[in-house]
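Structure file coords.csv (CSV, C-alpha atoms) is printed below.
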```csv
chain,number,residue,atom,x,y,z
W,1,MET,CA,-15.4,28.8,-23.7
W,2,GLY,CA,-14.9,29.6,-20.0
W,3,GLN,CA,-15.3,25.9,-19.0
W,4,THR,CA,-12.7,24.9,-21.6
W,5,LEU,CA,-10.2,27.5,-20.2
W,6,LEU,CA,-10.9,26.3,-16.7
W,7,GLU,CA,-10.2,22.7,-17.7
W,8,ARG,CA,-7.0,23.7,-19.4
W,9,GLU,CA,-5.9,25.6,-16.2
W,10,ASP,CA,-6.7,22.5,-14.2
W,11,VAL,CA,-4.5,20.3,-16.4
W,12,LEU,CA,-1.7,22.8,-16.2
W,13,ASP,CA,-2.0,22.8,-12.4
W,14,TRP,CA,-2.0,19.0,-12.3
W,15,GLU,CA,1.1,18.9,-14.5
W,16,ALA,CA,2.9,21.4,-12.3
W,17,GLY,CA,1.9,19.4,-9.2
W,18,LEU,CA,3.3,16.2,-10.8
W,19,GLN,CA,6.5,17.9,-11.7
W,20,LYS,CA,6.8,19.1,-8.1
W,21,LEU,CA,6.2,15.6,-6.8
W,22,HIS,CA,8.8,14.2,-9.3
W,23,GLY,CA,11.2,16.8,-7.9
W,24,CYS,CA,10.8,15.4,-4.4
W,25,ILE,CA,11.9,11.9,-5.4
W,26,ALA,CA,14.2,12.5,-8.4
W,27,SER,CA,17.4,12.5,-6.3
W,28,ARG,CA,16.6,8.8,-5.4
W,29,PHE,CA,17.4,7.9,-9.0
W,30,SER,CA,21.1,8.3,-9.8
W,31,LEU,CA,20.8,7.9,-13.6
W,32,SER,CA,19.3,10.6,-15.8
W,33,GLU,CA,17.4,8.0,-17.8
W,34,SER,CA,15.9,6.5,-14.7
W,35,ARG,CA,14.8,10.0,-13.5
W,36,GLN,CA,13.0,10.6,-16.8
W,37,ARG,CA,11.6,7.1,-16.8
W,38,VAL,CA,10.0,7.5,-13.3
W,39,LEU,CA,8.3,10.7,-14.5
W,40,THR,CA,6.8,9.0,-17.5
W,41,TYR,CA,5.9,6.0,-15.3
W,42,LEU,CA,3.9,8.3,-13.0
W,43,GLN,CA,2.3,10.0,-15.9
W,44,GLY,CA,1.1,6.6,-17.2
W,45,LEU,CA,-0.2,5.6,-13.8
W,46,LEU,CA,-2.2,8.8,-13.5
W,47,GLY,CA,-3.2,8.8,-17.2
W,48,SER,CA,-5.9,7.0,-19.2
W,49,VAL,CA,-4.2,3.7,-19.5
W,50,GLU,CA,-6.8,1.0,-18.8
W,51,ARG,CA,-4.4,-1.7,-17.5
W,52,LYS,CA,-1.3,-0.4,-15.8
W,53,ASN,CA,1.0,-3.2,-17.1
W,54,GLY,CA,4.4,-2.8,-18.7
W,55,TRP,CA,3.2,-3.0,-22.3
W,56,GLN,CA,0.4,-0.4,-22.0
W,57,LEU,CA,2.5,2.0,-19.9
W,58,ALA,CA,5.2,1.7,-22.5
W,59,GLU,CA,2.8,2.4,-25.3
W,60,TYR,CA,1.4,5.4,-23.4
W,61,ALA,CA,5.0,6.7,-23.1
W,62,GLY,CA,5.6,6.2,-26.9
W,63,ASP,CA,7.9,3.2,-26.5
W,64,ALA,CA,7.8,0.2,-28.9
W,65,THR,CA,8.5,-2.3,-26.1
W,66,PRO,CA,8.2,-2.4,-22.3
W,67,ASP,CA,12.0,-2.7,-21.9
W,68,GLY,CA,12.3,0.8,-20.5
W,69,VAL,CA,9.6,0.2,-17.9
W,70,GLN,CA,11.2,-3.1,-16.9
W,71,ARG,CA,14.6,-1.5,-16.5
W,72,LEU,CA,13.1,1.1,-14.2
W,73,LEU,CA,11.4,-1.5,-12.0
W,74,ALA,CA,14.1,-4.2,-12.0
W,75,VAL,CA,17.5,-2.9,-13.2
W,76,TYR,CA,18.1,0.7,-12.3
W,77,PRO,CA,19.4,1.3,-8.7
W,78,TRP,CA,16.9,3.0,-6.4
W,79,ASP,CA,15.5,2.3,-3.0
W,80,ALA,CA,11.7,1.9,-2.8
W,81,ASP,CA,11.7,2.6,0.9
W,82,GLU,CA,13.5,5.9,0.5
W,83,VAL,CA,10.9,6.9,-2.1
W,84,ARG,CA,8.2,5.8,0.4
W,85,ASP,CA,9.7,8.1,3.0
W,86,ASP,CA,9.6,11.0,0.5
W,87,LEU,CA,6.0,10.2,-0.3
W,88,GLN,CA,5.1,10.3,3.4
W,89,GLY,CA,6.6,13.7,3.8
W,90,TYR,CA,4.7,14.9,0.7
W,91,VAL,CA,1.4,13.6,2.0
W,92,VAL,CA,2.0,15.2,5.5
W,93,GLU,CA,2.8,18.5,3.8
W,94,HIS,CA,-0.3,18.6,1.7
W,95,LEU,CA,-2.9,16.5,3.6
W,96,GLY,CA,-1.6,16.4,7.2
W,97,ASP,CA,-4.3,17.0,9.8
W,98,ALA,CA,-4.4,16.1,13.5
W,99,GLY,CA,-7.8,14.5,12.9
W,100,GLY,CA,-6.6,12.4,10.0
W,101,VAL,CA,-7.2,8.6,9.8
W,102,LEU,CA,-4.7,5.8,9.1
W,103,VAL,CA,-6.6,3.1,7.1
W,104,VAL,CA,-5.2,-0.5,6.8
W,105,ASP,CA,-6.5,-2.7,4.1
W,106,GLU,CA,-5.3,-5.3,1.6
W,107,THR,CA,-5.7,-6.0,-2.0
W,108,GLY,CA,-5.0,-9.0,-4.3
W,109,PHE,CA,-3.0,-9.1,-7.5
W,110,LEU,CA,-4.2,-11.9,-9.7
W,111,LYS,CA,-1.5,-14.1,-11.2
W,112,GLN,CA,-1.4,-17.0,-13.6
W,113,GLY,CA,1.8,-18.7,-12.5
W,114,LYS,CA,3.6,-19.8,-9.4
W,115,LYS,CA,6.9,-17.8,-9.6
W,116,SER,CA,5.8,-14.4,-8.3
W,117,VAL,CA,6.8,-13.8,-4.6
W,118,GLY,CA,4.1,-14.8,-2.2
W,119,VAL,CA,1.7,-16.1,-4.9
W,120,LYS,CA,-0.7,-18.9,-3.9
W,121,ARG,CA,-4.4,-19.7,-4.0
W,122,GLN,CA,-5.8,-17.4,-1.3
W,123,TYR,CA,-8.8,-15.1,-0.8
W,124,SER,CA,-8.6,-12.0,-2.8
W,125,GLY,CA,-10.9,-9.1,-2.0
W,126,THR,CA,-10.3,-7.8,-5.5
W,127,ALA,CA,-11.8,-10.9,-7.0
W,128,GLY,CA,-14.2,-11.6,-4.1
W,129,LYS,CA,-13.1,-15.2,-3.9
W,130,VAL,CA,-10.2,-17.6,-3.6
W,131,GLU,CA,-7.8,-17.1,-6.5
W,132,ASN,CA,-4.2,-17.5,-7.4
W,133,CYS,CA,-2.8,-14.2,-6.4
W,134,GLN,CA,-0.3,-12.1,-4.4
W,135,ILE,CA,-1.6,-10.1,-1.4
W,136,GLY,CA,-0.4,-6.6,-0.6
W,137,VAL,CA,-1.2,-4.9,2.7
W,138,PHE,CA,-1.5,-1.1,2.4
W,139,LEU,CA,-1.7,1.9,4.7
W,140,ALA,CA,-3.7,4.8,3.4
W,141,TYR,CA,-4.2,8.3,4.9
W,142,GLY,CA,-7.3,10.3,4.9
W,143,SER,CA,-8.1,13.8,6.2
W,144,ARG,CA,-10.5,16.7,5.5
W,145,ARG,CA,-7.8,17.8,2.9
W,146,GLY,CA,-7.8,14.6,0.9
W,147,ALA,CA,-6.6,11.0,0.8
W,148,ALA,CA,-3.5,9.2,-0.4
W,149,PHE,CA,-1.5,6.0,0.1
W,150,LEU,CA,1.3,6.0,2.7
W,151,ASP,CA,3.0,2.6,2.8
W,152,ARG,CA,2.9,-1.0,1.6
W,153,GLU,CA,4.0,-4.5,2.5
W,154,LEU,CA,3.9,-7.7,0.5
W,155,TYR,CA,2.3,-10.6,2.4
W,156,LEU,CA,4.6,-13.7,2.4
W,157,PRO,CA,2.6,-16.8,3.3
W,158,GLN,CA,4.1,-19.3,5.7
W,159,GLU,CA,4.8,-22.0,3.1
W,160,TRP,CA,6.8,-19.4,1.1
W,161,ALA,CA,8.7,-18.2,4.2
W,162,ALA,CA,9.6,-21.8,5.0
W,163,ASP,CA,10.7,-22.9,1.5
W,164,GLY,CA,14.4,-22.0,1.1
W,165,ALA,CA,14.7,-23.1,-2.5
W,166,ARG,CA,11.6,-21.2,-3.6
W,167,ARG,CA,12.8,-18.1,-1.7
W,168,ARG,CA,16.2,-18.2,-3.4
W,169,GLU,CA,14.8,-18.6,-6.9
W,170,ALA,CA,12.5,-15.7,-6.4
W,171,GLY,CA,15.1,-13.5,-4.7
W,172,VAL,CA,13.4,-13.1,-1.4
W,173,PRO,CA,15.9,-11.5,1.1
W,174,ARG,CA,17.0,-13.7,4.0
W,175,ASP,CA,15.7,-11.1,6.6
W,176,VAL,CA,12.1,-11.3,5.2
W,177,VAL,CA,10.2,-13.7,7.4
W,178,PHE,CA,6.5,-14.6,7.8
W,179,HIS,CA,4.4,-11.9,9.3
W,180,THR,CA,0.6,-11.9,9.7
W,181,LYS,CA,-1.3,-9.2,7.9
W,182,GLY,CA,-2.0,-7.6,11.3
W,183,GLN,CA,1.8,-7.5,12.0
W,184,LEU,CA,2.5,-6.0,8.7
W,185,ALA,CA,-0.1,-3.3,9.4
W,186,GLN,CA,1.6,-2.7,12.8
W,187,GLN,CA,5.0,-2.2,11.1
W,188,MET,CA,3.5,0.4,8.8
W,189,ILE,CA,1.7,2.3,11.6
W,190,VAL,CA,5.0,2.3,13.6
W,191,ARG,CA,6.8,3.9,10.6
W,192,ALA,CA,4.0,6.5,10.2
W,193,VAL,CA,4.2,7.4,13.8
W,194,SER,CA,8.1,7.7,13.6
W,195,ALA,CA,7.7,9.9,10.5
W,196,GLY,CA,5.5,12.3,12.3
W,197,VAL,CA,2.3,11.6,10.3
W,198,PRO,CA,-0.5,13.3,12.3
W,199,PHE,CA,-3.7,11.2,12.8
W,200,GLY,CA,-6.5,10.8,15.3
W,201,TRP,CA,-7.3,7.1,14.9
W,202,VAL,CA,-6.8,3.9,12.9
W,203,ALA,CA,-9.4,2.1,10.8
W,204,GLY,CA,-9.5,-1.4,9.3
W,205,ASP,CA,-11.8,-4.3,8.4
W,206,THR,CA,-12.2,-7.7,10.0
W,207,VAL,CA,-8.8,-9.0,8.9
W,208,TYR,CA,-7.3,-6.5,11.4
W,209,GLY,CA,-10.0,-6.4,14.0
W,210,ASN,CA,-10.8,-10.0,14.8
W,211,ALA,CA,-10.9,-11.5,18.3
W,212,ILE,CA,-7.8,-10.6,20.3
W,213,GLY,CA,-7.2,-14.2,21.3
W,214,GLN,CA,-6.6,-15.2,17.6
W,215,LYS,CA,-2.9,-15.3,16.7
W,216,SER,CA,-3.4,-13.6,13.4
W,217,CYS,CA,-5.3,-10.7,14.8
W,218,GLN,CA,-3.2,-9.0,17.5
W,219,LEU,CA,-3.4,-5.5,16.0
W,220,ARG,CA,-6.2,-4.5,18.3
W,221,ARG,CA,-4.3,-5.5,21.4
W,222,TRP,CA,-1.2,-3.6,20.2
W,223,LEU,CA,-3.2,-0.5,19.5
W,224,GLU,CA,-4.7,-0.7,23.0
W,225,GLU,CA,-1.2,-1.0,24.5
W,226,GLN,CA,0.0,2.1,22.5
W,227,GLY,CA,-3.0,4.1,23.5
W,228,LEU,CA,-4.0,4.6,19.8
W,229,PRO,CA,-7.7,5.1,19.1
W,230,TYR,CA,-9.1,2.9,16.5
W,231,VAL,CA,-12.3,1.6,14.7
W,232,LEU,CA,-11.9,-2.0,13.5
W,233,ALA,CA,-14.6,-4.4,12.2
W,234,VAL,CA,-15.0,-7.9,13.8
W,235,LYS,CA,-16.7,-11.1,12.7
W,236,HIS,CA,-18.4,-12.3,15.8
W,237,GLN,CA,-20.2,-10.3,18.5
W,238,ILE,CA,-21.3,-11.5,22.0
W,239,PHE,CA,-23.2,-8.3,22.7
W,240,GLU,CA,-26.7,-7.4,21.6
W,241,GLN,CA,-25.8,-3.9,20.4
W,242,SER,CA,-24.1,-3.5,17.1
W,243,VAL,CA,-21.2,-1.4,18.4
W,244,ALA,CA,-19.0,-2.3,21.4
W,245,VAL,CA,-16.7,0.4,22.8
W,246,GLY,CA,-13.4,-0.4,24.4
W,247,ARG,CA,-10.9,1.8,26.3
W,248,HIS,CA,-9.4,3.2,23.1
W,249,GLY,CA,-11.3,1.6,20.3
W,250,VAL,CA,-14.6,0.7,18.7
W,251,TRP,CA,-15.4,-2.7,17.3
W,252,LEU,CA,-18.0,-2.5,14.5
W,253,GLY,CA,-20.2,-5.1,12.8
W,254,ALA,CA,-22.4,-8.1,13.5
W,255,GLY,CA,-19.1,-9.8,14.3
W,256,GLY,CA,-17.4,-10.4,17.6
W,257,GLY,CA,-16.5,-8.7,20.8
W,258,PRO,CA,-13.2,-9.2,22.6
```
Would you give me this structure, written as structure tokens?
Amino acid sequence: MGQTLLEREDVLDWEAGLQKLHGCIASRFSLSESRQRVLTYLQGLLGSVERKNGWQLAEYAGDATPDGVQRLLAVYPWDADEVRDDLQGYVVEHLGDAGGVLVVDETGFLKQGKKSVGVKRQYSGTAGKVENCQIGVFLAYGSRRGAAFLDRELYLPQEWAADGARRREAGVPRDVVFHTKGQLAQQMIVRAVSAGVPFGWVAGDTVYGNAIGQKSCQLRRWLEEQGLPYVLAVKHQIFEQSVAVGRHGVWLGAGGGP
């Protein structure tokens, strides 16, 4: 009986916490329906829905069709970057710690067609191989108090960035240009610093820690210039030891030195 009561109290605490989080972002949604929709959307993302697609999230919310979910994501006026800023403030309030870690990583979103922005055959860590997919670069935050996502950027391959007709059809804004994944990570770290996110160092895998001379892997050099400590994996190593230490950072792996 005691265990059951404890579990019920936990559920009530989680619900209260979600309501508080919803209150932090509700003002970003000008319509009452959109404010309610975003709450049910969050409940679905955190719930037991196996696949977080429009149909299953709609069924979880008790809707007969995914129209409401699609209106929230594609029709109702709201600014995703403003919600991102609210999220960062929430994470700092609850998880912020001077010894925290910013973690950059990417994930692939498998696709069947060719219309989704940035989709192409490219390596997806999610699938573990080259697949037709989109790639998102993410910034996460971890501390002794917990972990959460902070920011995101969609990777736009060079062929997409250079194809005006394809960009227009997909609605890619004119000011969105090609950036390497390391450059996208840099942009998100700059935003985290500007927002006052406390952290002790930055971590990432080989995509972000490869040799400084490679055009696509300038993040290490930039972190050095900013005086930001880091631990980044590399592919090639010219030293016998498995860890090479620089002025501000550590390169890990059987990979490569600077």
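Here CA of Arg221 in chain W and CA of Gln186 in chain W stand 10.8 Å from one another.
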*Top pick for closest residue to Gly142 in chain W, considering W:Val190, W:Val83, W:Val197, W:Ala165 and counting all atoms listed in the file*: W:Val197
Given all atoms listed in the file, how would the per-residue table for range 155-218 of chain W near range 124-137 of chain W read, listing every residue at most 10 Å away with its closest atom pair and distance in Å to one decimal, sorted by chain and number, as a tab-separated table?
```
residue	atom	partner	partner_atom	distance
W:Tyr155	CA	W:Ile135	CA	5.5
W:Leu156	CA	W:Ile135	CA	8.1
W:Pro157	CA	W:Ile135	CA	9.2
W:Lys181	CA	W:Val137	CA	6.7
W:Gly182	CA	W:Val137	CA	9.0
W:Leu184	CA	W:Val137	CA	7.1
W:Ala185	CA	W:Val137	CA	7.0
W:Met188	CA	W:Val137	CA	9.3
```
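When all atoms listed in the file are used to measure the gap to Leu45 in chain W, the shortest distance among W:Leu110, W:Leu18, W:Gly99, W:Asp63 belongs to W:Leu18.
Of the residues under consideration (W:Thr180, W:Gln70, W:Gln226, W:Gln218), W:Thr180 shows the shortest atom-to-atom contact distance to Glu106 in chain W when counting only C-alpha atoms.
Between CA of Gly118 in chain W and CA of Ile25 in chain W there is a distance of 28.0 Å.
Between CA of Arg220 in chain W and CA of Val207 in chain W there is a distance of 10.7 Å.
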*Find the residue from W:Leu150, W:Val69, W:Val49, W:Ala61 that sits nearest to Val91 in chain W; use all atoms listed in the file when measuring.*
W:Leu150
*For Ser34 in chain W, which of W:Gln56, W:Ala64, W:Arg166, W:Arg71 is the closest residue, counting all atoms listed in the file?*
W:Arg71
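Taking all atoms listed in the file into account, Gln187 in chain W lies nearest to W:Leu219 out of the set W:Ala74, W:Val231, W:Leu219, W:Ala16.
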*Show me as a ChimeraX atom specification the residues that reach within 9 Å of (9.6, 14.1, 8.7), counting only C-alpha atoms and using the file's own coordinates.*
/W:85-86,88-89,92,194-197
Kindly add all heavy atoms to the incomplete range 226-237 of chain W and provide the output as a compact mmCIF listing (two decimals), in the frame of the given file.
```txt
# COMPACT_ATOMS: atom_id res chain seq x y z
N GLN W 226 -0.61 0.81 22.90
CA GLN W 226 0.00 2.10 22.50
C GLN W 226 -0.88 3.28 22.80
O GLN W 226 -0.45 4.42 22.65
CB GLN W 226 0.30 2.05 20.98
CG GLN W 226 1.22 0.92 20.55
CD GLN W 226 2.55 0.94 21.25
OE1 GLN W 226 3.22 1.97 21.30
NE2 GLN W 226 2.96 -0.19 21.81
N GLY W 227 -2.11 3.04 23.22
CA GLY W 227 -3.00 4.10 23.50
C GLY W 227 -3.50 4.83 22.21
O GLY W 227 -3.82 6.02 22.23
N LEU W 228 -3.55 4.07 21.09
CA LEU W 228 -4.00 4.60 19.80
C LEU W 228 -5.44 4.35 19.56
O LEU W 228 -5.83 3.19 19.48
CB LEU W 228 -3.11 4.08 18.68
CG LEU W 228 -1.61 4.39 18.73
CD1 LEU W 228 -0.87 3.67 17.61
CD2 LEU W 228 -1.37 5.90 18.63
N PRO W 229 -6.27 5.36 19.43
CA PRO W 229 -7.70 5.10 19.10
C PRO W 229 -7.87 4.42 17.80
O PRO W 229 -7.08 4.61 16.88
CB PRO W 229 -8.28 6.55 19.08
CG PRO W 229 -7.33 7.39 19.87
CD PRO W 229 -5.97 6.80 19.60
N TYR W 230 -8.93 3.62 17.69
CA TYR W 230 -9.10 2.90 16.50
C TYR W 230 -10.62 2.51 16.29
O TYR W 230 -11.39 2.50 17.24
CB TYR W 230 -8.31 1.57 16.48
CG TYR W 230 -8.67 0.62 17.60
CD1 TYR W 230 -9.71 -0.31 17.47
CD2 TYR W 230 -7.98 0.67 18.81
CE1 TYR W 230 -10.04 -1.16 18.51
CE2 TYR W 230 -8.30 -0.18 19.85
CZ TYR W 230 -9.33 -1.10 19.69
OH TYR W 230 -9.67 -1.94 20.73
N VAL W 231 -10.98 2.20 15.04
CA VAL W 231 -12.30 1.60 14.70
C VAL W 231 -11.99 0.45 13.77
O VAL W 231 -11.53 0.63 12.64
CB VAL W 231 -13.21 2.64 14.00
CG1 VAL W 231 -14.50 1.97 13.57
CG2 VAL W 231 -13.51 3.82 14.91
N LEU W 232 -12.22 -0.78 14.26
CA LEU W 232 -11.90 -2.00 13.50
C LEU W 232 -13.15 -2.90 13.48
O LEU W 232 -13.82 -3.06 14.50
CB LEU W 232 -10.74 -2.75 14.12
CG LEU W 232 -9.40 -2.00 14.19
CD1 LEU W 232 -8.37 -2.82 14.96
CD2 LEU W 232 -8.88 -1.68 12.80
N ALA W 233 -13.43 -3.48 12.33
CA ALA W 233 -14.60 -4.40 12.20
C ALA W 233 -14.19 -5.77 12.78
O ALA W 233 -13.02 -6.14 12.85
CB ALA W 233 -14.96 -4.54 10.73
N VAL W 234 -15.20 -6.52 13.22
CA VAL W 234 -15.00 -7.90 13.80
C VAL W 234 -16.03 -8.82 13.14
O VAL W 234 -17.04 -8.40 12.59
CB VAL W 234 -15.13 -7.87 15.29
CG1 VAL W 234 -13.98 -7.14 15.93
CG2 VAL W 234 -16.45 -7.28 15.73
N LYS W 235 -15.78 -10.13 13.26
CA LYS W 235 -16.70 -11.10 12.70
C LYS W 235 -17.74 -11.63 13.60
O LYS W 235 -18.82 -11.98 13.18
CB LYS W 235 -15.82 -12.32 12.18
CG LYS W 235 -15.05 -12.07 10.92
CD LYS W 235 -14.37 -13.35 10.46
CE LYS W 235 -13.62 -13.12 9.15
NZ LYS W 235 -12.91 -14.34 8.71
N HIS W 236 -17.44 -11.72 14.89
CA HIS W 236 -18.40 -12.30 15.80
C HIS W 236 -18.64 -11.28 16.96
O HIS W 236 -17.74 -10.57 17.37
CB HIS W 236 -17.84 -13.58 16.44
CG HIS W 236 -17.48 -14.60 15.42
ND1 HIS W 236 -18.42 -15.24 14.65
CD2 HIS W 236 -16.28 -15.07 15.01
CE1 HIS W 236 -17.81 -16.06 13.81
NE2 HIS W 236 -16.51 -15.98 14.02
N GLN W 237 -19.86 -11.28 17.45
CA GLN W 237 -20.20 -10.30 18.50
C GLN W 237 -20.99 -11.03 19.59
O GLN W 237 -21.93 -11.76 19.31
CB GLN W 237 -21.02 -9.17 17.93
CG GLN W 237 -21.28 -8.09 18.97
CD GLN W 237 -21.80 -6.83 18.32
OE1 GLN W 237 -21.51 -6.54 17.18
NE2 GLN W 237 -22.57 -6.08 19.07
```
